[in-house]
$ cat final.txt   # compact mmCIF, C-alpha atoms
# COMPACT_ATOMS: atom_id res chain seq x y z
CA MET A 21 8.19 2.41 4.32
CA LYS A 22 9.08 -0.18 1.69
CA ASN A 23 12.41 1.58 1.16
CA VAL A 24 13.06 1.94 4.91
CA GLN A 25 12.39 -1.72 5.62
CA ALA A 26 13.91 -3.15 2.44
CA GLY A 27 17.46 -3.22 3.83
CA VAL A 28 16.41 -4.92 7.06
CA ILE A 29 14.26 -7.51 5.32
CA THR A 30 16.83 -8.17 2.58
CA ASN A 31 19.52 -8.79 5.20
CA ILE A 32 17.40 -11.29 7.07
CA LEU A 33 16.39 -12.98 3.82
CA ASN A 34 20.06 -13.33 2.89
CA ILE A 35 20.52 -15.17 6.19
CA ILE A 36 17.46 -17.28 5.46
CA ALA A 37 18.80 -18.10 2.01
CA LYS A 38 21.79 -19.78 3.60
CA ILE A 39 19.41 -21.81 5.76
CA SER A 40 16.94 -22.71 3.04
CA ASP A 41 16.31 -21.66 -0.54
CA ASP A 42 12.76 -22.87 -0.01
CA LEU A 43 11.96 -20.30 2.66
CA TYR A 44 13.71 -17.48 0.78
CA ALA A 45 11.43 -18.06 -2.18
CA TRP A 46 8.34 -18.39 -0.06
CA LEU A 47 8.54 -14.98 1.62
CA ASP A 48 7.41 -11.77 -0.04
CA GLU A 49 9.70 -9.14 1.47
CA SER A 50 7.77 -6.23 -0.10
CA ASP A 51 4.73 -6.94 2.07
CA ALA A 52 6.62 -6.88 5.39
CA ARG A 53 6.24 -3.11 5.59
CA ASP A 54 5.39 -2.87 9.30
CA ILE A 55 7.07 -6.02 10.58
CA ARG A 56 10.72 -6.12 11.66
CA VAL A 57 12.27 -9.58 11.55
CA ASP A 58 14.67 -9.86 14.50
CA LYS A 59 15.74 -13.51 14.23
CA VAL A 60 15.03 -16.62 12.17
CA GLU A 61 15.86 -20.14 13.31
CA LYS A 62 15.25 -23.48 11.62
CA VAL A 63 13.75 -25.85 14.19
CA GLU A 64 12.84 -28.88 12.08
CA ASP A 65 13.95 -30.32 8.75
CA ASP A 66 13.00 -33.67 7.24
CA GLU A 67 12.12 -35.04 3.83
CA ALA A 68 8.53 -33.85 3.99
CA LYS A 69 8.60 -30.46 5.70
CA GLN A 70 10.59 -27.67 7.26
CA ALA A 71 9.73 -25.57 10.33
CA PHE A 72 11.07 -22.14 11.22
CA ASP A 73 10.67 -19.84 14.20
CA PHE A 74 10.63 -16.10 13.52
CA LYS A 75 11.06 -13.55 16.28
CA VAL A 76 9.55 -10.28 15.09
CA THR A 77 8.52 -6.82 16.27
CA PHE A 78 5.22 -5.40 15.06
CA LEU A 79 5.99 -1.75 14.34
CA GLN A 80 3.82 1.04 15.73
CA ASN A 81 3.84 3.21 12.62
CA SER A 82 4.45 2.57 8.97
CA ASP A 83 7.76 4.43 8.72
CA GLY A 84 9.33 2.17 11.32
CA THR A 85 10.68 4.96 13.51
CA LYS A 86 8.89 3.71 16.62
CA SER A 87 8.10 0.20 17.80
CA SER A 88 5.12 -1.10 19.64
CA PRO A 89 5.88 -3.04 22.84
CA TYR A 90 4.69 -6.16 21.10
CA LYS A 91 7.09 -8.90 20.05
CA TYR A 92 5.94 -12.23 18.66
CA LYS A 93 7.19 -15.63 17.74
CA ILE A 94 5.89 -16.95 14.44
CA SER A 95 6.20 -20.67 13.87
CA LEU A 96 6.00 -21.56 10.20
CA ILE A 97 5.63 -25.11 8.87
CA LEU A 98 5.91 -25.58 5.12
CA PRO A 99 6.32 -28.49 2.71
CA LYS A 100 9.75 -29.17 1.29
CA TYR A 101 9.78 -29.26 -2.47
CA THR A 102 13.47 -28.82 -3.29
CA ASP A 103 14.13 -32.57 -3.45
CA LEU A 104 10.96 -33.22 -5.41
CA TYR A 105 11.94 -30.59 -7.96
CA THR A 106 15.50 -31.93 -8.27
CA ARG A 107 14.30 -35.48 -8.87
CA LYS A 108 11.77 -34.35 -11.47
CA TYR A 109 13.85 -31.83 -13.43
CA LYS A 110 17.36 -33.20 -12.78
CA LYS A 111 18.65 -29.81 -11.61
CA MET A 112 18.62 -27.62 -8.54
CA PRO A 113 15.77 -25.10 -8.60
CA ASP A 114 16.60 -21.41 -8.67
CA ILE A 115 14.64 -18.73 -6.79
CA ASP A 116 12.19 -18.14 -9.66
CA ASP A 117 11.40 -21.87 -9.84
CA LEU A 118 10.74 -22.03 -6.11
CA GLN A 119 8.60 -18.89 -6.14
CA LYS A 120 6.26 -20.61 -8.59
CA PHE A 121 6.08 -23.60 -6.26
CA TYR A 122 5.52 -21.70 -3.05
CA ALA A 123 3.26 -18.79 -4.03
CA ASP A 124 0.20 -21.02 -3.63
CA VAL A 125 1.51 -23.73 -1.34
CA ALA A 126 -0.61 -24.20 1.78
CA CYS A 127 1.35 -23.94 5.04
CA ASP A 128 0.60 -23.72 8.75
CA VAL A 129 1.32 -20.61 10.82
CA TYR A 130 1.31 -20.27 14.62
CA VAL A 131 1.78 -16.97 16.48
CA GLU A 132 2.37 -16.41 20.19
CA PRO A 133 3.14 -13.12 21.98
CA LEU A 134 6.54 -12.86 23.65
CA THR A 135 5.96 -9.55 25.46
CA GLU A 136 3.18 -10.85 27.70
CA ASN A 137 2.62 -14.41 28.90
CA THR A 138 -1.11 -14.41 28.22
CA GLY A 139 -1.33 -18.06 27.31
CA LYS A 140 -3.06 -17.06 24.08
CA THR A 141 -1.90 -18.21 20.66
CA ALA A 142 -3.25 -17.78 17.16
CA TYR A 143 -3.23 -20.40 14.42
CA ARG A 144 -4.02 -20.42 10.72
CA LYS A 145 -4.08 -23.50 8.53
CA ASP A 146 -3.48 -23.61 4.77
CA VAL A 147 -1.92 -20.14 4.51
CA LYS A 148 -0.57 -19.40 1.03
CA GLY A 149 2.99 -18.16 0.74
CA LYS A 150 1.97 -14.90 -0.88
CA ASP A 151 -0.33 -14.15 2.09
CA PHE A 152 2.15 -14.95 4.88
CA TRP A 153 2.80 -11.41 6.18
CA LYS A 154 -0.81 -10.32 5.77
CA VAL A 155 -2.09 -13.30 7.77
CA SER A 156 0.64 -12.89 10.39
CA ARG A 157 -0.38 -9.24 10.83
CA GLU A 158 -4.01 -10.29 11.34
CA MET A 159 -2.95 -12.72 14.05
CA PHE A 160 -0.84 -10.06 15.81
CA LEU A 161 -3.92 -7.87 16.06
CA GLU A 162 -6.08 -10.79 17.15
CA LEU A 163 -3.79 -11.30 20.14
CA MET A 164 -3.69 -7.61 21.09
CA ASP A 165 -6.41 -6.01 23.21
CA GLU A 166 -8.20 -2.88 21.99
CA ASP A 167 -6.72 -0.61 24.67
CA THR A 168 -3.20 -1.50 23.58
CA LYS A 169 -4.03 -0.94 19.91
CA GLN A 170 -5.39 2.49 20.71
CA ALA A 171 -2.58 3.45 23.11
CA PHE A 172 0.15 2.67 20.59
CA GLY A 173 -1.62 3.90 17.47
CA ILE A 174 -1.81 0.49 15.82
CA LYS A 175 -4.52 0.21 13.24
CA GLY A 176 -6.86 -2.70 13.40
CA ALA A 177 -8.47 -4.46 10.49
CA ARG A 178 -8.61 -2.71 7.14
CA THR A 179 -11.68 -0.49 7.19
CA MET A 180 -13.27 1.98 4.81
CA LYS A 181 -16.39 4.11 4.87
CA VAL A 182 -18.25 4.84 1.66
CA ARG A 183 -21.33 6.77 0.60
CA LEU A 184 -23.22 5.00 -2.19
CA GLN A 185 -26.38 5.61 -4.17
CA ARG A 186 -28.09 3.28 -6.64
CA ILE A 187 -28.96 4.91 -9.97
CA CYS A 188 -31.59 3.03 -11.96
CA GLY A 189 -31.45 3.88 -15.65
CA ALA A 190 -33.59 2.73 -18.54
CA LYS A 191 -31.09 0.08 -19.62
CA GLU A 192 -28.89 -0.56 -16.59
CA THR A 193 -28.37 0.10 -12.91
CA SER A 194 -25.24 1.91 -11.78
CA VAL A 195 -23.82 3.04 -8.42
CA ASN A 196 -22.75 6.57 -7.58
CA LEU A 197 -19.86 6.87 -5.10
CA SER A 198 -19.75 10.28 -3.39
CA ALA A 199 -17.32 9.62 -0.51
CA ILE A 200 -14.62 7.14 0.44
CA VAL A 201 -12.24 7.20 3.42
CA ALA A 202 -10.02 4.29 4.45
CA ASN A 203 -7.29 3.34 6.92
CA TYR A 204 -5.26 1.65 4.17
CA GLU A 205 -4.11 2.33 0.61
CA LEU A 206 -6.93 4.00 -1.28
CA VAL A 207 -6.20 2.17 -4.51
CA GLN A 208 -6.74 -1.13 -2.65
CA ALA A 209 -9.91 0.23 -1.03
CA TYR A 210 -11.29 1.01 -4.49
CA ALA A 211 -10.42 -2.52 -5.60
CA ASP A 212 -12.17 -4.01 -2.56
CA LEU A 213 -15.24 -1.87 -3.23
CA ASP A 214 -15.30 -2.94 -6.90
CA SER A 215 -15.24 -6.54 -5.72
CA LEU A 216 -18.16 -5.93 -3.36
CA LEU A 217 -20.20 -4.27 -6.08
CA THR A 218 -20.16 -7.51 -8.06
CA SER A 219 -22.19 -9.12 -5.25
CA ASP A 220 -25.93 -9.24 -5.94
CA GLU A 221 -26.53 -9.46 -2.20
CA PHE A 222 -24.66 -6.23 -1.51
CA MET A 223 -26.23 -4.46 -4.48
CA GLY A 224 -29.62 -5.45 -3.09
CA THR A 225 -28.95 -3.42 0.09
CA LEU A 226 -28.45 -0.16 -1.85
CA SER A 227 -31.27 2.34 -2.32
CA ASP A 228 -32.08 5.30 -4.54
CA GLU A 229 -31.03 7.61 -1.68
CA PRO A 230 -27.38 8.03 -0.59
CA GLN A 231 -26.36 5.58 2.12
CA THR A 232 -23.12 5.38 4.10
CA PHE A 233 -21.53 2.07 5.06
CA GLN A 234 -18.52 1.03 7.11
CA ILE A 235 -16.84 -1.95 5.45
CA THR A 236 -14.34 -3.93 7.52
CA GLU A 237 -12.22 -6.77 6.19
CA THR A 238 -12.59 -10.05 8.09
CA ALA A 239 -10.70 -13.31 7.73
CA ASP A 240 -13.01 -14.58 4.99
CA ASP A 241 -15.16 -11.69 3.80
CA PHE A 242 -16.30 -8.16 4.75
CA ASP A 243 -18.40 -6.95 7.65
CA ILE A 244 -20.78 -4.19 6.45
CA VAL A 245 -22.71 -1.90 8.80
CA PRO A 246 -24.40 1.53 8.44
CA ALA A 247 -22.16 4.49 9.29
CA ASP A 248 -21.73 8.25 8.91
CA ILE A 249 -19.07 10.35 7.18
CA SER A 250 -18.96 14.00 8.20
CA ILE A 251 -17.95 16.68 5.72
CA MET A 252 -14.99 17.44 7.98
CA GLU A 253 -13.80 13.81 8.05
CA GLN A 254 -14.18 13.51 4.30
CA ALA A 255 -12.30 16.74 3.52
CA GLU A 256 -9.54 16.12 6.06
CA PHE A 257 -8.88 12.65 4.65
CA ALA A 258 -8.82 13.98 1.08
CA LEU A 259 -6.61 17.00 1.76
CA ASN A 260 -4.14 14.98 3.81
CA GLY A 261 -3.76 12.55 0.91
CA LEU A 262 -3.60 15.31 -1.69
CA LEU A 263 -1.03 17.35 0.23
CA CYS A 264 1.22 14.29 0.67
CA ALA A 265 0.90 13.52 -3.05
CA ALA A 266 1.66 17.15 -3.93
CA VAL A 267 4.78 17.20 -1.72
CA GLN A 268 5.94 13.91 -3.28
CA PHE A 269 5.33 15.32 -6.77
CA GLN A 270 7.15 18.56 -5.88
CA MET A 271 10.20 16.63 -4.64
CA ASP A 272 10.32 14.27 -7.62
CA ILE A 273 9.89 17.00 -10.24
CA GLN A 274 12.62 19.07 -8.58
CA ILE A 275 15.03 16.11 -8.79
CA LEU A 276 14.04 15.38 -12.40
CA LYS A 277 14.48 19.05 -13.33
CA TRP A 278 18.11 18.87 -12.19
CA TYR A 279 18.65 15.75 -14.29
CA CYS A 280 17.12 17.54 -17.30
CA ALA A 281 19.56 20.47 -17.12
CA TYR A 282 21.17 19.50 -20.48
CA ASN A 283 17.90 18.76 -22.28
CA SER A 284 16.36 22.15 -22.97
CA LYS A 285 12.90 20.85 -23.89
CA LEU A 286 12.51 18.63 -20.84
CA PHE A 287 14.09 21.31 -18.65
CA THR A 288 11.33 23.70 -19.73
CA VAL A 289 8.60 21.11 -19.13
CA THR A 290 9.88 20.22 -15.65
CA GLY A 291 10.37 23.91 -14.85
CA ASN A 292 6.70 24.59 -15.59
CA LEU A 293 5.68 21.56 -13.55
CA MET A 294 7.89 22.77 -10.69
CA TRP A 295 6.10 26.11 -10.61
CA SER A 296 2.72 24.35 -10.58
CA ALA A 297 3.87 21.89 -7.88
CA ASN A 298 4.97 24.68 -5.56
CA SER A 299 1.68 26.49 -6.04
CA TRP A 300 -0.46 23.42 -5.33
CA VAL A 301 1.48 22.35 -2.24
CA ASP A 302 0.65 25.74 -0.79
CA ARG A 303 -2.97 25.60 -1.95
CA PHE A 304 -3.67 22.14 -0.54
CA GLY A 305 -1.95 23.15 2.70
CA MET A 306 -4.10 26.27 3.04
CA TRP A 307 -7.27 24.34 2.23
CA TYR A 308 -6.37 21.91 5.03
CA VAL A 309 -6.00 24.83 7.46
CA GLU A 310 -9.31 26.25 6.25
CA MET A 311 -11.21 22.98 6.70
CA THR A 312 -9.62 21.70 9.92
CA ASP A 313 -8.25 24.81 11.64
CA SER A 314 -4.92 22.99 11.99
CA VAL A 315 -1.72 22.46 10.02
CA CYS A 316 -1.23 19.14 8.23
CA ASP A 317 1.74 17.16 9.54
CA THR A 318 3.58 16.25 6.34
CA SER A 319 6.16 14.20 8.29
CA GLN A 320 3.68 11.30 8.09
CA CYS A 321 3.69 11.34 4.26
CA HIS A 322 6.42 8.64 3.94
CA LEU A 323 8.15 10.29 0.98
CA ALA A 324 10.49 8.28 -1.26
CA PRO A 325 12.49 10.25 -3.85
CA VAL A 326 12.37 9.22 -7.49
CA GLN A 327 15.19 6.88 -8.51
CA LEU A 328 16.91 6.76 -11.90
CA SER A 329 19.00 3.76 -12.91
CA ASP A 330 22.37 4.05 -14.61
CA GLY A 331 22.31 3.71 -18.37
CA SER A 332 23.96 4.80 -21.59
CA GLU A 333 23.86 8.39 -22.77
CA ALA A 334 21.67 7.29 -25.67
CA ASP A 335 19.05 6.03 -23.21
CA ALA A 336 19.24 8.99 -20.83
CA ASP A 337 16.65 11.21 -22.52
CA ILE A 338 14.17 8.35 -22.89
CA GLN A 339 14.65 7.41 -19.25
CA LEU A 340 14.07 11.02 -18.15
CA LEU A 341 10.99 11.34 -20.34
CA THR A 342 9.58 8.11 -18.92
CA ALA A 343 10.34 9.18 -15.35
CA VAL A 344 8.57 12.52 -15.79
CA ASP A 345 5.58 10.78 -17.40
CA ASN A 346 5.37 8.20 -14.60
CA THR A 347 5.63 10.92 -11.94
CA ILE A 348 2.74 12.85 -13.49
CA THR A 349 0.68 9.65 -13.79
CA ALA A 350 1.17 8.77 -10.10
CA TYR A 351 0.08 12.28 -9.08
CA LEU A 352 -2.98 12.14 -11.34
CA GLU A 353 -4.04 8.83 -9.82
CA VAL A 354 -4.19 10.35 -6.32
CA LEU A 355 -5.98 13.47 -7.58
CA GLU A 356 -8.65 11.37 -9.26
CA GLN A 357 -9.03 8.97 -6.32
CA GLN A 358 -9.53 11.79 -3.80
CA TYR A 359 -11.58 14.07 -6.08
CA ILE A 360 -14.98 12.84 -4.90
CA ASN A 361 -14.13 13.69 -1.28
CA LEU A 362 -13.61 17.39 -1.97
CA PRO A 363 -16.26 20.14 -1.69
CA HIS A 364 -17.57 21.31 -5.07
CA ASP A 365 -15.67 24.60 -5.05
CA MET A 366 -12.38 22.76 -4.52
CA GLN A 367 -13.31 20.20 -7.17
CA ARG A 368 -13.66 22.99 -9.74
CA GLU A 369 -10.11 24.19 -9.03
CA VAL A 370 -8.68 20.67 -9.06
CA ASP A 371 -10.37 20.16 -12.45
CA GLY A 372 -7.95 22.77 -13.83
CA LEU A 373 -4.92 20.99 -12.32
CA ILE A 374 -5.99 17.62 -13.73
CA ARG A 375 -6.51 19.14 -17.17
CA GLU A 376 -3.10 20.87 -17.00
CA LEU A 377 -1.29 17.65 -16.05
CA LYS A 378 -3.03 15.62 -18.77
CA GLU A 379 -2.12 18.26 -21.38
CA THR A 380 1.51 18.07 -20.25
CA LYS A 381 1.48 14.28 -20.66
CA GLU A 382 -0.29 14.26 -24.00
CA ILE A 383 1.22 17.35 -25.65
CA SER A 384 4.30 18.85 -23.96
CA LEU A 385 6.07 15.56 -23.28
CA LYS A 386 5.43 14.30 -26.81
CA GLN A 387 6.85 17.57 -28.22
CA ALA A 388 9.92 17.06 -26.04
CA MET A 389 10.68 13.63 -27.54
$ encode --input "final.txt" --output "structure tokens"
Amino acid sequence: MKNVQAGVITNILNIIAKISDDLYAWLDESDARDIRVDKVEKVEDDEAKQAFDFKVTFLQNSDGTKSSPYKYKISLILPKYTDLYTRKYKKMPDIDDLQKFYADVACDVYVEPLTENTGKTAYRKDVKGKDFWKVSREMFLELMDEDTKQAFGIKGARTMKVRLQRICGAKETSVNLSAIVANYELVQAYADLDSLLTSDEFMGTLSDEPQTFQITETADDFDIVPADISIMEQAEFALNGLLCAAVQFQMDIQILKWYCAYNSKLFTVTGNLMWSANSWVDRFGMWYVEMTDSVCDTSQCHLAPVQLSDGSEADADIQLLTAVDNTITAYLEVLEQQYINLPHDMQREVDGLIRELKETKEISLKQAM
């Protein structure tokens, strides 16, 4: 989705840049993955502050192919530091200078729905620049009723379910994680869980027997309640993620294999990886059918093909080697994140794939240098 939205967001930011370098620097376009900016208008400008009105559409799904019926106006009020910077440093700030200023600057954000005249508005005070889109998204959902969220497939707050067990050893206490499913990026879910496990209060709720919790992000913290994860839910989540990762890996390795046509060593390495990728796409797909009695819809995988930048011929082989290594690493990360959600018989087979990919990274790619 980042690639799909990048053109739209970049265009609107180019318009914004003409209005105000301050606002351009303050926005993080990479985080606007499910928000389409339709119009931006400056509504106030004085020595102390600037105010902007955004008209946006909150997208129904993360690839941006369909829109929800919900349009919003975001009113943003932020301090104006351009003049302060110029007076202090005797030069006009560039974008990097302003980004440093605005990443942690506290601003006010108001949101009101344009689709329905409900009379409801949402307001957040002291929003940091780097959190603007995240907080705006929270306010969109706050103003939307549950029936509408469900009808248009819009996810609510970030939620994960985990199965945890406290392991008390002779010298230290550890936590065993045996299941994790989430409605957002799994790498971020792991990070959120790691953060929770530093809390003595949360650790005190764990027992020596496996327990399942639903953890939902709130404005300030997490809401934690008991929950259940069925074997079916766990396996379906894992296999969906693994199949998408396998299809992405298959596509990227195929592209890289073509680029490696004149490097015999890398061509052989990518050829072997291509054979493995084809095999595992089929295997993950069949496992999904076996576990769910349905076919996984890979159109929701949001694939983005590997990109290689232009460079000199001398750098080409190093660039290809790095690209292959990075592609393997990204695939391994998903395999290892989803591993715990798989049944034991599938884990044993995935062990072989993980070992094979690590050997390629550590041995075959080094031999190809």
$ closest_residue --input "final.txt" --among "A:Lys277, A:Arg368, A:Lys285, A:Arg303" --to "A:Ala388" --atoms "only C-alpha atoms"
A:Lys285
$ residues_around --input "final.txt" --residues "A:Tyr308" --least-positions-apart "4" --cutoff "10 Å" --atoms "only C-alpha atoms" --output "PyMOL selection string"
chain A and resi 255-260+262-263+302-304+312-316
$ residues_near_point --input "final.txt" --point "(-30.0, 2.5, -2.4)" --cutoff "10 Å" --atoms "only C-alpha atoms" --output "ChimeraX atom specification"
/A:184-188,195-196,223-232
$ atom_distance --input "final.txt" --atom1 "atom CA of A:Gln387" --atom2 "atom CA of A:Cys280"
15.0 Å
$ atom_distance --input "final.txt" --atom1 "atom CA of A:Glu158" --atom2 "atom CA of A:Asp243"
15.2 Å
$ atom_distance --input "final.txt" --atom1 "atom CA of A:Ile244" --atom2 "atom CA of A:Asp146"
26.1 Å
$ decode --input "final.txt" --residues "stretch 289-314 of chain A" --atoms "N, CA and C atoms" --output "tab-separated table (two decimals), in the first residue's frame"
chain	number	residue	atom	x	y	z
A	289	VAL	N	22.56	-19.57	-7.71
A	289	VAL	CA	21.95	-19.42	-6.38
A	289	VAL	C	20.47	-19.05	-6.50
A	290	THR	N	20.17	-18.05	-7.34
A	290	THR	CA	18.77	-17.62	-7.48
A	290	THR	C	17.93	-18.69	-8.17
A	291	GLY	N	18.54	-19.48	-9.04
A	291	GLY	CA	17.82	-20.58	-9.67
A	291	GLY	C	17.38	-21.62	-8.66
A	292	ASN	N	18.29	-21.94	-7.73
A	292	ASN	CA	17.95	-22.90	-6.66
A	292	ASN	C	16.87	-22.33	-5.74
A	293	LEU	N	16.99	-21.04	-5.44
A	293	LEU	CA	15.97	-20.39	-4.60
A	293	LEU	C	14.62	-20.35	-5.30
A	294	MET	N	14.65	-20.17	-6.62
A	294	MET	CA	13.41	-20.13	-7.40
A	294	MET	C	12.69	-21.47	-7.32
A	295	TRP	N	13.43	-22.55	-7.44
A	295	TRP	CA	12.84	-23.88	-7.35
A	295	TRP	C	12.21	-24.07	-5.96
A	296	SER	N	12.93	-23.68	-4.92
A	296	SER	CA	12.41	-23.81	-3.56
A	296	SER	C	11.18	-22.93	-3.37
A	297	ALA	N	11.22	-21.69	-3.90
A	297	ALA	CA	10.09	-20.77	-3.74
A	297	ALA	C	8.83	-21.33	-4.37
A	298	ASN	N	8.95	-21.88	-5.57
A	298	ASN	CA	7.78	-22.46	-6.24
A	298	ASN	C	7.19	-23.60	-5.41
A	299	SER	N	8.08	-24.43	-4.88
A	299	SER	CA	7.64	-25.59	-4.09
A	299	SER	C	6.90	-25.16	-2.83
A	300	TRP	N	7.41	-24.11	-2.15
A	300	TRP	CA	6.81	-23.71	-0.88
A	300	TRP	C	5.54	-22.89	-1.06
A	301	VAL	N	5.42	-22.17	-2.15
A	301	VAL	CA	4.13	-21.51	-2.43
A	301	VAL	C	3.04	-22.57	-2.54
A	302	ASP	N	3.34	-23.63	-3.25
A	302	ASP	CA	2.35	-24.71	-3.40
A	302	ASP	C	2.08	-25.39	-2.06
A	303	ARG	N	3.14	-25.61	-1.28
A	303	ARG	CA	2.96	-26.32	-0.01
A	303	ARG	C	2.13	-25.50	0.98
A	304	PHE	N	2.47	-24.21	1.12
A	304	PHE	CA	1.69	-23.38	2.03
A	304	PHE	C	0.23	-23.27	1.56
A	305	GLY	N	0.04	-23.18	0.25
A	305	GLY	CA	-1.32	-23.10	-0.29
A	305	GLY	C	-2.12	-24.35	0.01
A	306	MET	N	-1.49	-25.52	-0.13
A	306	MET	CA	-2.18	-26.78	0.16
A	306	MET	C	-2.44	-26.95	1.65
A	307	TRP	N	-1.51	-26.51	2.47
A	307	TRP	CA	-1.74	-26.57	3.92
A	307	TRP	C	-2.94	-25.71	4.29
A	308	TYR	N	-3.06	-24.54	3.66
A	308	TYR	CA	-4.20	-23.66	3.93
A	308	TYR	C	-5.51	-24.36	3.59
A	309	VAL	N	-5.54	-25.02	2.42
A	309	VAL	CA	-6.74	-25.78	2.03
A	309	VAL	C	-7.04	-26.87	3.04
A	310	GLU	N	-5.97	-27.57	3.48
A	310	GLU	CA	-6.14	-28.66	4.44
A	310	GLU	C	-6.72	-28.18	5.76
A	311	MET	N	-6.25	-27.02	6.24
A	311	MET	CA	-6.65	-26.54	7.55
A	311	MET	C	-7.99	-25.80	7.52
A	312	THR	N	-8.32	-25.14	6.41
A	312	THR	CA	-9.51	-24.28	6.39
A	312	THR	C	-10.59	-24.76	5.43
A	313	ASP	N	-10.26	-25.73	4.60
A	313	ASP	CA	-11.20	-26.22	3.58
A	313	ASP	C	-11.61	-25.10	2.62
A	314	SER	N	-10.68	-24.19	2.37
A	314	SER	CA	-10.92	-23.09	1.42
A	314	SER	C	-9.59	-22.70	0.80
